[in-house]
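To start, the structure itself, in structure tokens.
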Amino acid sequence: MIKKAIAILLCVGLLLSGTTVTVFGEAKVSAKLIQMEGDVQVVRAGGEKPFKAFLKMRLTEGDRIITGPTGTAKIEMDDEVVITLAENTKIYLSELRGSKGAQQSSINLQSGGVGSSVKKKLKENSRFEIKTPTAVMGVRGTEFFTQYFNGNVDVRVVDGVVEVKVSVTKAGEVTDFGAVGVQTYSFPVSALKQVSFGEGVSAGNLPDSVESLNLQGLPIPFLDRVREINQQNPEAIPQNIIDTIDEAVNSAVLAMQNRMNSVDLAPDELSSVIEGAIAGNIQTAIPASAPTRVQTSPPSLPDTSNRDRGDREDRTPSRPKAVFDFVYGDDLNPVKIEFEINDSPYDFIDCILSSDIQAISYTVSSSNESVATAEINAEVTNQVIIKDLSPGTTVISITGSASGYESFGRAINLEVKEKIIATYTLTLNGEGLTSELDVEGTEGQDGEIIYVGIGKDTVVMITVEVPQGKELATFTVNDLDKKADLEENDCMYIFSITEDTIVEVTYEETPALEAVFNIEYWELDANEATINPTAIEHRIYDSAYDFIDCILSSDIQAISYTVSSSNESVATAEINAEVTNQVIIKDLSPGTTVISITGYADGYEPFTRTINLEVK
């Protein structure tokens, strides 16, 4: 399907490393997009509009990730957990937290498929789980695949054990976790096993539903991972399962073709889309007669309903309707479409076959051809093109016909509008503020930068660079406090401009830190170091001198020292010119003195350490 043009802002600044923000004793941590292909989009936490993802992008708690019909992605949750998103998948990063080396990660799988690779057993107080509306999969170290479509859950475990928890009604049936008055029931799924179920099944029967692992129904990225596991450890998966992978690949490729109704691809183009998605020669798995454009449907899962369908054919009318759905943009069967003609001189509606009909023909009409005309697209199967657009309203009627079926129609109210582009002013007031915009800024009073003529709904990314020696005091957008949002997103704030906007930032001086350092005293006879001694005894027949090392213990890049002796008739002290950060004690005579060492660094308070020296 050819979509309406969408302006996408590539926020390069998001590649910067994420800061850690502590909340109630735990710290929010970030994940990273380490691999992606095809259409992958992200909706930031608290936002509504998706934008195109990019490699090495940082993701945080509350973000949503969406893969399109040919989109796949790999996300590194931490050093030990990697998740793989199959095509047509929507997930929500509901929890990304860390505390004292432990990780708490929860992924809400709203639809599609997620492959989970937990490289080693998690720490005792760590947690990783995949949530769907009807089940929660919790692990402590494993490799497994989870798919969720239309209320059905499919869990397949390659290694380790997955604990599956479901919500159960009083009648003992699996239900939505949001239901009232429910209890939970859990059961394990061990390595090389799988289970599939949906709402309404008896929870008590679920352990008996666990069966041996098979590869049919897995999407291409998951089969790719199976090959990787087999290459890394040929003993991990039995050979009889590996022998079925080519057949599973063929099924997965055809399933991908069935979902790619949005693009009319020639066989060689389709091959390039899926090339490299799985190890081996994937092109050989594509039948030469495979269609290049068919209906969209989610990957098939086992039928989990217990309904009796045995007499369905007896009740089927002799002439059923040639039923079909239609899709406009991301909307299924819209009753009204609003279109601004400045976006494009034409628009498209896709017709999606939703019955058992093998072929269907369409007729289209417009009730007001002075507003728009409608015709079947000769180049794209099952697509209606709307063109000759003028301001006004009309009804687009689409009727589908097939041999042996009754005709079936759908209608859409189309309102065509002239696009009015409103413009706004953005003012950046404060040191260290920058913005990624295509309009030129002018300098105003007190160093403020003013950008004029920004179109409505333009995505604006504000970056704050905190001056050295200062820390952030306030960050406001039209007098609204957005400091927390800024700090959670690596000193970046992203929004869509809808009015004249003033962004202001203020700072306060960072209190000076002490130039902290440690000292080490080396016992010449024992050749061992003592950290921060308060007293030293030295016998002058051991050596005519002694020395102390100064060890930097802060983030200071450079430090200088001054030294003194309170009684120079006993010993003198000086900086060793040949050894960095070393103090020499010499001219030793019996008695006691105090050796003082003071460290200095730019922007830091001086820091002093003292040692009582007794010479014998």
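Each chain in the structure tokens gets a letter, A, B and so on, in the order shown; residues start at 1 in every chain, and ligands are counted from 1 in the order they appear.
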
> If you run DSSP on the backbone, which residues of stretch 465-581 of chain A are strand (DSSP E or B), as a PyMOL selection string?
Replying inline: chain A and resi 470-477+480-481+492-496+501-509+513-514+517-522+529-531+535-538+546-552+560-565+572-575

>> Taking 2 positions as the minimum chain separation for residues in the same chain, which residues sit within 10 Å of stretch 560-575 of chain A when counting only C-alpha atoms? Answer as a ChimeraX atom specification.
In response: /A:515,545-548,550,558,577-602,606-616

Write out the residues from the selection above, keeping C-alpha atoms, as an mmCIF file, in the first residue's frame.
```cif
data_model
loop_
_atom_site.group_PDB
_atom_site.id
_atom_site.type_symbol
_atom_site.label_atom_id
_atom_site.label_comp_id
_atom_site.auth_asym_id
_atom_site.auth_seq_id
_atom_site.Cartn_x
_atom_site.Cartn_y
_atom_site.Cartn_z
ATOM 1 C CA ALA A 515 41.130 17.600 44.985
ATOM 2 C CA TYR A 545 65.982 8.683 52.090
ATOM 3 C CA ASP A 546 62.390 7.475 51.880
ATOM 4 C CA PHE A 547 59.482 8.223 49.534
ATOM 5 C CA ILE A 548 55.681 8.472 49.489
ATOM 6 C CA CYS A 550 50.360 10.210 45.839
ATOM 7 C CA ALA A 558 45.706 16.664 36.501
ATOM 8 C CA ALA A 577 61.240 15.547 39.643
ATOM 9 C CA GLU A 578 61.803 12.159 38.007
ATOM 10 C CA VAL A 579 58.719 10.224 39.225
ATOM 11 C CA THR A 580 55.219 11.673 38.776
ATOM 12 C CA ASN A 581 53.164 12.118 41.971
ATOM 13 C CA GLN A 582 56.011 11.030 44.305
ATOM 14 C CA VAL A 583 57.383 12.790 47.410
ATOM 15 C CA ILE A 584 61.020 12.229 48.576
ATOM 16 C CA ILE A 585 61.872 12.457 52.303
ATOM 17 C CA LYS A 586 65.610 12.997 52.848
ATOM 18 C CA ASP A 587 68.276 14.659 55.084
ATOM 19 C CA LEU A 588 67.125 12.275 57.790
ATOM 20 C CA SER A 589 68.173 12.691 61.441
ATOM 21 C CA PRO A 590 66.741 11.098 64.612
ATOM 22 C CA GLY A 591 63.603 12.832 65.858
ATOM 23 C CA THR A 592 59.975 13.503 64.867
ATOM 24 C CA THR A 593 58.349 15.763 62.249
ATOM 25 C CA VAL A 594 55.048 16.125 60.362
ATOM 26 C CA ILE A 595 55.116 15.717 56.584
ATOM 27 C CA SER A 596 52.265 17.716 54.885
ATOM 28 C CA ILE A 597 51.235 17.064 51.264
ATOM 29 C CA THR A 598 48.657 19.406 49.619
ATOM 30 C CA GLY A 599 47.077 18.731 46.202
ATOM 31 C CA TYR A 600 45.765 21.425 43.823
ATOM 32 C CA ALA A 601 43.655 21.222 40.659
ATOM 33 C CA ASP A 602 41.737 23.765 38.570
ATOM 34 C CA PRO A 606 42.912 22.111 47.815
ATOM 35 C CA PHE A 607 43.152 18.882 49.801
ATOM 36 C CA THR A 608 45.842 18.025 52.380
ATOM 37 C CA ARG A 609 47.095 14.813 53.942
ATOM 38 C CA THR A 610 49.622 14.629 56.810
ATOM 39 C CA ILE A 611 51.900 11.925 58.219
ATOM 40 C CA ASN A 612 53.765 11.836 61.538
ATOM 41 C CA LEU A 613 57.348 10.760 60.759
ATOM 42 C CA GLU A 614 59.616 9.321 63.449
ATOM 43 C CA VAL A 615 63.254 8.842 62.434
ATOM 44 C CA LYS A 616 65.282 6.431 64.578
#
```

Considering only C-alpha atoms, tabulate each residue of stretch 416-445 of chain A that lies at most 7 Å from stretch 373-394 of chain A along with its nearest interatomic pair and the corresponding distance in Å to one decimal; arrange the rows by chain and ascending residue number and present them as a tab-separated table.
```
residue	atom	partner	partner_atom	distance
A:Val416	CA	A:Pro391	CA	4.8
A:Lys417	CA	A:Pro391	CA	5.0
A:Glu418	CA	A:Pro391	CA	6.3
```

Selection from above, N, CA, C and O atoms, as an mmCIF file, in the first residue's frame, can you write it?
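Done, and the output landed in out_16.cif:
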```
data_model
loop_
_atom_site.group_PDB
_atom_site.id
_atom_site.type_symbol
_atom_site.label_atom_id
_atom_site.label_comp_id
_atom_site.auth_asym_id
_atom_site.auth_seq_id
_atom_site.Cartn_x
_atom_site.Cartn_y
_atom_site.Cartn_z
ATOM 1 N N VAL A 416 -12.499 16.561 1.315
ATOM 2 C CA VAL A 416 -11.246 17.103 0.792
ATOM 3 C C VAL A 416 -11.115 18.561 1.240
ATOM 4 O O VAL A 416 -12.047 19.352 1.074
ATOM 5 N N LYS A 417 -9.947 18.886 1.820
ATOM 6 C CA LYS A 417 -9.722 20.239 2.341
ATOM 7 C C LYS A 417 -8.449 20.819 1.751
ATOM 8 O O LYS A 417 -7.523 20.101 1.381
ATOM 9 N N GLU A 418 -8.427 22.136 1.674
ATOM 10 C CA GLU A 418 -7.181 22.831 1.364
ATOM 11 C C GLU A 418 -6.308 22.806 2.616
ATOM 12 O O GLU A 418 -6.789 23.022 3.726
#
```

>> For the alpha helix (DSSP H) assignment from backbone DSSP, which residues of stretch 42-235 of chain A qualify? Please present them as an MDAnalysis selection string.
In response: chainID A and resid 206:209 220:232

> Nearest to A:Leu480: which of A:Ile540, A:Ile556, A:Val505, A:Val189 is it, counting only C-alpha atoms?
Replying inline: A:Val505

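Between atom CA of A:Asp246 and atom CA of A:Thr84 there is a distance of 20.5 Å.
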
> Which one of A:Thr142, A:Ser196, A:Thr70, A:Asn532 sits closest to A:Asn88 if you count only C-alpha atoms?
Replying inline: A:Thr70

> From the list A:Gly217, A:Gly46, A:Thr434, A:Leu33, which residue is nearest A:Ile65 when using only C-alpha atoms?
Replying inline: A:Leu33

> What is the atom CA of A:Ile398 to atom CA of A:Met256 distance in Å?
Replying inline: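 Result for atom CA of A:Ile398 versus atom CA of A:Met256: 27.2 Å, one decimal.
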
> Between A:Pro467, A:Gly404, A:Gly151, A:Gly178, which is the closest to A:Glu431 once you count only C-alpha atoms?
Replying inline: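 For A:Glu431, the nearest of the candidates is A:Pro467.
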